[in-house]
Every structure is written in structure tokens, then in C-alpha cells.
Amino acid sequence: MSDTIVHYVNKDSFDAKEIEKLTPDQEKVFLASQKKLMWWKFKRHKIAVVSGVFLLLCYLSIFMSEMLAPYSLETRNTKYIYAPPQSVHWMHEGEFIGPFVYGFKTKLDMKTLKRVHSPDINQVQKLRFFCTGDKYHYWGLIEGDFHFICPPENGQFFYLGSDRLGRDVFSRIIYGARISLTIGLVGISISFTLGIILGGLAGYYGGWVDLVVQRVIEVVQSLPSIPLWLALAAIMPVTWSPILIYFGITIILGLIDWTGLARAVRSKLLSLREEDYVLAARLLGAKPSRVIGRHLVPGFMSHLIASATITIPTMILGETALSFLGLGLRSPIVSWGVLLNEAQNINVVALYPWLMYPVVPVILIILAFNFFGDGLRDAADPYG
């Protein structure tokens, strides 16, 4: 007689969370979206977060350069040519006064025939905030005279000194940020357009299209960058207006820096074009432009954004180098490269070292973009 095997069935409700014993933190991670995971990982990169905030503030400043600068772009103080930087003080002879600077006492050195400016502690000049000062045209359109900080009444405020025409270096650095920072954004738009289109065609079609694009990339990359910049910049007529030169330099930078992105897009598309969802899109009649732009490129958009943060500082450096050599932007346009062009003479730098201050924001912006790009690259792979 065989024994009967009883089949037991548990009729209790099944709770996957109870079986897995997920903690609240684990549940939060498992249910989070891709974007939220990327944001959490990016926040863990503290230097990248600080760099991102710094870059955001810098780019916001270009919308109100006229108000941030104590002087307008054209203001000249002929009595204070090559005036040294003025330190901001709060206390005078043990008494709290608030932010102020000491005025200058100027004398002529009869041996060198050079004006010598030295602080006069008897001239206490209080700075003004949220005040009216030099008139300007906001973005060349709206006339105004409001400034966040103004020089003292009947006094001067050269926080970073003045140049050979008595112009405030600090104000010109603020105005120069508008050109130097935006030229990278405009240039990257041109570079990304060329890189995505040519790299996308090469990776999607392959064959002779890929062969032609690859040979073009190799030719462009084999050319030395600086001589190529100089040659292209020298082609532009000297009679062009400053705005045409600005767009000319931007187009030159965009035409040179697209090759690396094109190869990255090509390699990605070569691996993704055989996926099932791409085949499904083709069978449904989607055009190649839609398959590339709608289905393939968004799949690695995070990598493209990280690549942009590396390319933008390259373009800023390119503009700075061209303008420093006198072949890029020229006055009356003001950029950090144009400001550094005045510091080419080593004798001038030895006597007036504050003319080298425009190199400081260039270094800070390049470092910030590199740290920010590192954070974005890590965040692009939140499961890594």
C-alpha cells in the first residue's frame, strides 16, 4: 500500500517586499528613476557640485555685467594710469567704518619719469552699494546707471588696479567674461552639430560613408592646432566689424573641435544600430534621421553632455590664445584674451603685475569645467 503524498499550498498573501526584506533606503534606490540615480551620484562628487555652482554663477553674471562692474567699459581715469590695486578695509585707527579704500597720493619719479601711486591713509573713501554711477547701455539696448558697487564720492576704486589708459581692470574682467564664456557655448553648438551629423552618418550607414568621414577626421586631427588657428584667423579681413570677427573666431573653433565627438558618436552608433528597437523603427518606416535623432543619440546623451564640459574649456583657451597673439578678437571687443594681450611686454608685467590678473578667471573656469565634467561622467553610469 503506497503512502499518499499531501501537496501543501500556502494560501497566505505573497508580499515580495517582506520576502526580500528591503530596507527603506534599498526600496528608495530600487524604485528611483534613471535621472534620480544620476543626480544622487553627481551630488556625491562634492568638487563637481561646487564647480557646477561656480560655473552657474559665472554664466549668470554675464547677464548683468554692466551692473556688477563699478565702472563702465569706456571710463578712463587719466590721472590714475597704472594705478595699483586698492585693498578694501573695514577698520580705520581702531574705529569700524565699513568697507572703504584709502585714496591715492601721486608723485612723479624724476629718475624714471613714472607716476608713483601710493595709498594715503588720511583719505578714507567709503564704498557705495546699490547706487547710481557710470551710465551704460545694457546689452547695447537699454540705457541705465545702476551698479551694485560704485566708487566713493570724489574718489576712485581700482580693486585690481588700472591699465595704461586708466581703465579699471576689475570692470574689464567682468565685461570680458561675457565674450570668453559665450564663445565656448556658441562654438560647442557648431561642434556638436557637425560631430553628431557626420559621426551619426558614419556609424549608421558604415561602408564608404564611414570611410570618407574617417579619412576627413584623420586629416583634420593631423593638422597642428595652433598654426591652423593662426592661418584661419589671418584669413579674416581686418576691415571686419568686431561682431563679425567674434562669429568668425567662433566658427573657426567649432570647425576644428568636432572630430573627437564625431568618433565617439560613430563608435556608439556602430554598437547600437543592430539593437532590436532600431530594427523595429526601421520596419515601421522611420527615416534614418529619425532613427539617429530619436532612438540612437538619446541613448548616450549623458556622455555627450560630459564631453561638452571638456570641449568648452578647449574653445575658451583657443579664443584666449588667438586674442593674446593679436589674431583673434580685437578692441573694442573685450575678452580675457584681449586683456592679456596688453601683458605681452615683460617689462610692463614686471612693473605692473596686476595686468596678468585676467589669467586667473581663465584658470578657474578651466578647472571648474574639468571637475564638473568628471562628476558628469561618473553620474552618467550610476550603476558603476
# chains A, B, ... in the order shown; residues from 1 in each chain; ligands from 1

call {"tool": "residues_around", "arguments": {"residues": "Ile226 in chain A", "least_positions_apart": "5", "cutoff": "10 Å", "atoms": "only C-alpha atoms", "output": "list in words"}}
result
Ala231, Leu232, Gly318, Ala321 and Leu322 of chain A

call {"tool": "closest_atom_pairs", "arguments": {"of": "range 286-383 of chain A", "to": "range 258-267 of chain A", "cutoff": "9 Å", "atoms": "only C-alpha atoms", "output": "JSON lines"}}
result
{"residue": "A:Val297", "atom": "CA", "partner": "A:Val265", "partner_atom": "CA", "distance": 7.9}
{"residue": "A:Phe300", "atom": "CA", "partner": "A:Val265", "partner_atom": "CA", "distance": 8.7}
{"residue": "A:Leu304", "atom": "CA", "partner": "A:Leu261", "partner_atom": "CA", "distance": 7.9}
{"residue": "A:Ser307", "atom": "CA", "partner": "A:Leu261", "partner_atom": "CA", "distance": 7.5}
{"residue": "A:Ala308", "atom": "CA", "partner": "A:Leu261", "partner_atom": "CA", "distance": 8.9}

call {"tool": "closest_residue", "arguments": {"among": "A:Ile365, A:Ile310, A:Leu351, A:Ile142", "to": "Tyr59 in chain A", "atoms": "only C-alpha atoms"}}
result
A:Ile365

call {"tool": "residues_around", "arguments": {"residues": "Phe371 in chain A", "least_positions_apart": "6", "cutoff": "10 Å", "atoms": "only C-alpha atoms", "output": "ChimeraX atom specification"}}
result
/A:45-52,309-310,365,377

call {"tool": "select_by_dssp", "arguments": {"residues": "range 138-321 of chain A", "states": "strand (DSSP E or B)", "output": "ChimeraX atom specification"}}
result
/A:138,142-150,162,168

call {"tool": "select_by_dssp", "arguments": {"residues": "range 160-192 of chain A", "states": "alpha helix (DSSP H)", "output": "PyMOL selection string"}}
result
chain A and resi 169-192

call {"tool": "residues_around", "arguments": {"residues": "range 30-42 of chain A", "least_positions_apart": "5", "cutoff": "7 Å", "atoms": "only C-alpha atoms", "output": "PyMOL selection string"}}
result
chain A and resi 375-376+379-380+382

call {"tool": "write_last_selection", "arguments": {"atoms": "N, CA and C atoms", "output": "compact mmCIF listing (two decimals), in the first residue's frame"}}
result
# COMPACT_ATOMS: atom_id res chain seq x y z
N GLY A 375 32.48 64.85 -12.66
CA GLY A 375 31.25 64.48 -11.95
C GLY A 375 30.16 63.99 -12.87
N LEU A 376 30.02 64.63 -14.05
CA LEU A 376 29.01 64.19 -15.00
C LEU A 376 29.33 62.82 -15.58
N ALA A 379 28.36 60.33 -13.00
CA ALA A 379 26.90 60.25 -12.87
C ALA A 379 26.27 59.58 -14.08
N ALA A 380 26.93 59.63 -15.23
CA ALA A 380 26.37 59.01 -16.43
C ALA A 380 26.29 57.50 -16.30
N PRO A 382 25.40 55.47 -13.26
CA PRO A 382 25.05 55.40 -11.83
C PRO A 382 25.17 54.02 -11.23

call {"tool": "residues_around", "arguments": {"residues": "Val88 in chain A", "least_positions_apart": "2", "cutoff": "9 Å", "atoms": "only C-alpha atoms", "output": "list in words"}}
result
Gln86, Trp90, Pro99, Phe100, Val101, Tyr102, Leu127 and Tyr159 of chain A

call {"tool": "write_last_selection", "arguments": {"atoms": "C-alpha atoms", "output": "PDB file, in the first residue's frame"}}
result
ATOM      1  CA  GLN A  86      43.354  99.112  -3.756  1.00  0.00           C
ATOM      2  CA  TRP A  90      36.802  97.839   7.384  1.00  0.00           C
ATOM      3  CA  PRO A  99      34.056  98.817   3.529  1.00  0.00           C
ATOM      4  CA  PHE A 100      36.329 101.622   2.336  1.00  0.00           C
ATOM      5  CA  VAL A 101      39.578 102.244   0.478  1.00  0.00           C
ATOM      6  CA  TYR A 102      42.383 104.691   1.002  1.00  0.00           C
ATOM      7  CA  LEU A 127      32.430 102.485  -0.985  1.00  0.00           C
ATOM      8  CA  TYR A 159      40.160  96.726  -6.885  1.00  0.00           C
TER       9      TYR A 159
END

call {"tool": "closest_residue", "arguments": {"among": "A:Leu108, A:Ile179, A:Ile256, A:Ile312", "to": "Phe63 in chain A", "atoms": "only C-alpha atoms"}}
result
A:Ile179
